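A.B. asks: So I've got this file, target-v6.txt, and it contains compact mmCIF, C-alpha atoms:
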# COMPACT_ATOMS: atom_id res chain seq x y z
CA MET C 1 90.02 119.18 113.09
CA ASP C 2 88.02 116.01 112.51
CA PRO C 3 84.23 116.29 112.69
CA THR C 4 82.57 115.07 115.86
CA ARG C 5 80.32 112.03 115.84
CA ALA C 6 77.35 114.34 116.25
CA GLN C 7 78.40 116.19 113.10
CA LEU C 8 78.93 112.91 111.26
CA GLU C 9 75.52 111.66 112.42
CA ALA C 10 73.92 114.81 110.99
CA GLU C 11 75.64 114.19 107.67
CA LEU C 12 74.58 110.54 107.73
CA ALA C 13 70.99 111.67 108.28
CA LYS C 14 71.24 113.86 105.19
CA LEU C 15 72.70 110.98 103.17
CA ASP C 16 69.95 108.71 104.50
CA ALA C 17 67.30 111.17 103.34
CA LEU C 18 68.88 111.37 99.87
CA ILE C 19 68.89 107.64 99.17
CA PRO C 20 65.28 107.39 97.91
CA GLU C 21 65.98 110.24 95.50
CA LEU C 22 69.23 108.62 94.37
CA LYS C 23 67.45 105.31 93.80
CA ALA C 24 64.81 107.09 91.72
CA ASP C 25 67.34 109.10 89.74
CA TYR C 26 69.70 106.15 89.23
CA PRO C 27 67.60 102.96 89.07
CA GLU C 28 70.47 100.94 87.59
CA ASP C 29 73.09 99.71 90.06
CA ALA C 30 75.87 100.75 87.70
CA ASP C 31 74.65 104.34 87.99
CA PHE C 32 73.44 104.34 91.59
CA TRP C 33 76.64 103.14 93.27
CA PRO C 34 78.96 105.80 91.84
CA ALA C 35 76.47 108.52 92.83
CA PHE C 36 76.12 107.08 96.34
CA ALA C 37 79.87 106.58 96.70
CA CYS C 38 80.55 110.16 95.64
CA LEU C 39 78.34 111.49 98.44
CA ALA C 40 79.48 109.01 101.07
CA ASP C 41 83.17 109.37 100.19
CA ALA C 42 82.95 113.15 100.54
CA ILE C 43 82.01 112.58 104.18
CA ALA C 44 84.33 109.60 104.75
CA GLU C 45 87.38 111.62 103.70
CA ARG C 46 86.94 113.76 106.80
CA VAL C 47 86.39 110.92 109.28
CA GLY C 48 89.22 110.69 111.78
CA ALA C 49 91.16 107.47 112.29
CA GLU C 50 89.45 106.79 115.62
CA ASP C 51 86.01 106.88 113.98
CA CYS C 52 86.70 104.83 110.82
CA ARG C 53 85.23 101.59 112.15
CA TRP C 54 82.22 103.42 113.61
CA TRP C 55 81.68 105.24 110.31
CA GLY C 56 81.74 101.99 108.33
CA GLU C 57 79.22 100.42 110.70
CA GLN C 58 76.91 103.43 110.40
CA VAL C 59 77.01 103.38 106.61
CA ASP C 60 76.38 99.62 106.62
CA GLN C 61 73.31 100.15 108.82
CA LEU C 62 72.09 102.99 106.60
CA MET C 63 72.42 100.79 103.55
CA GLY C 64 70.58 97.95 105.26
CA ARG C 65 67.65 100.22 106.11
CA HIS C 66 67.28 100.92 102.40
CA GLY C 67 67.67 97.33 101.28
CA LEU C 68 71.04 97.99 99.73
CA GLU C 69 73.66 95.30 99.72
CA SER C 70 76.00 95.93 102.59
CA GLY C 71 79.72 95.66 102.36
CA TRP C 72 80.97 99.18 102.81
CA PRO C 73 84.67 98.82 103.63
CA ILE C 74 85.49 99.19 107.30
CA GLU C 75 89.06 100.21 107.91
CA THR C 76 90.80 99.03 111.05
Write the structure described by the file as structure tokens, please.
C.D. replies:
Amino acid sequence: MDPTRAQLEAELAKLDALIPELKADYPEDADFWPAFACLADAIAERVGAEDCRWWGEQVDQLMGRHGLESGWPIET
């Protein structure tokens, strides 16, 4: 069973809270992005087809709040 949007929002909140720590631990982009992608992909793998676009938009917004370059792939 796919997670609900409420469950995904809770996981996004956790990811959001981890970004400052990730940026501190991995100040170089070449190190930060794989660490971020590992965490985000672990959630994305469970997102149902009907929520893929929504998920991509949420991650894009999360990245924007942290001044990260957006461009997370949004599947249609």
A.B. asks: Nearest to C:Glu21: which of C:Pro3, C:Leu68, C:Phe36, C:Ala44 is it, counting all atoms listed in the file?
C.D. replies: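 Closest residue, counting all atoms listed in the file: C:Phe36.
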A.B. asks: Just give me the gap between atom CA of C:Leu62 and atom CA of C:Ala17 in Å, one decimal is fine.
C.D. replies: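 Calculated distance between atom CA of C:Leu62 and atom CA of C:Ala17 is 10.0 Å.
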A.B. asks: Rounded to one decimal in Å, what is the spacing between atom CA of C:Glu9 and atom CA of C:Gly56?
C.D. replies: 12.2 Å
A.B. asks: So which residues touch C:Asp51 within 12 Å, counting all atoms listed in the file, skipping near sequence neighbours fewer than 3 positions away, as a PyMOL selection string?
C.D. replies: chain C and resi 2-6+8-9+44-48+54-58+74-76
A.B. asks: Give the answer as one residue: which of C:Ala30, C:Asp25, C:Cys38, C:Ile19 has the shortest atom-to-atom distance to C:Gly67, using only C-alpha atoms?
C.D. replies: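 Looking at the shortest contact to C:Gly67, the residue is C:Ile19.
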A.B. asks: For C:Ala40, which residue out of C:Arg53, C:Glu11, C:Lys23, C:His66 is the nearest one, using all atoms listed in the file?
C.D. replies: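 Once distances to C:Ala40 are computed over all atoms listed in the file, the minimum belongs to C:Glu11.
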A.B. asks: Might you pull out every residue within 12 Å of C:Leu39, with only C-alpha atoms counted and same-chain residues fewer than 2 positions away left off, and present them as a JSON list (two decimals) with C-alpha atoms, keeping the file's coordinate frame?
C.D. replies:
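See around.json below for the written result:
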[["chain", "number", "residue", "atom", "x", "y", "z"],
["C", 11, "GLU", "CA", 75.64, 114.19, 107.67],
["C", 12, "LEU", "CA", 74.58, 110.54, 107.73],
["C", 14, "LYS", "CA", 71.24, 113.86, 105.19],
["C", 15, "LEU", "CA", 72.70, 110.98, 103.17],
["C", 16, "ASP", "CA", 69.95, 108.71, 104.50],
["C", 18, "LEU", "CA", 68.88, 111.37, 99.87],
["C", 19, "ILE", "CA", 68.89, 107.64, 99.17],
["C", 22, "LEU", "CA", 69.23, 108.62, 94.37],
["C", 32, "PHE", "CA", 73.44, 104.34, 91.59],
["C", 33, "TRP", "CA", 76.64, 103.14, 93.27],
["C", 34, "PRO", "CA", 78.96, 105.80, 91.84],
["C", 35, "ALA", "CA", 76.47, 108.52, 92.83],
["C", 36, "PHE", "CA", 76.12, 107.08, 96.34],
["C", 37, "ALA", "CA", 79.87, 106.58, 96.70],
["C", 41, "ASP", "CA", 83.17, 109.37, 100.19],
["C", 42, "ALA", "CA", 82.95, 113.15, 100.54],
["C", 43, "ILE", "CA", 82.01, 112.58, 104.18],
["C", 44, "ALA", "CA", 84.33, 109.60, 104.75],
["C", 45, "GLU", "CA", 87.38, 111.62, 103.70],
["C", 59, "VAL", "CA", 77.01, 103.38, 106.61]]
A.B. asks: Distance atom CA of C:Ala10-atom CA of C:Tyr26, one decimal place?
C.D. replies: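 These two atoms are separated by 23.8 Å.
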A.B. asks: Leaving out C:Glu69 and any residue of its chain fewer than 4 positions from it, which residues lie within 10 Å of it when counting only C-alpha atoms, given as a list in words?
C.D. replies: Asp60, Met63 and Gly64 of chain C
A.B. asks: Write out, as a PDB file, keeping the file's coordinate frame, the residues just selected, with C-alpha atoms.
C.D. replies:
ATOM      1  CA  ASP C  60      76.380  99.620 106.620  1.00  0.00           C
ATOM      2  CA  MET C  63      72.420 100.790 103.550  1.00  0.00           C
ATOM      3  CA  GLY C  64      70.580  97.950 105.260  1.00  0.00           C
TER       4      GLY C  64
END
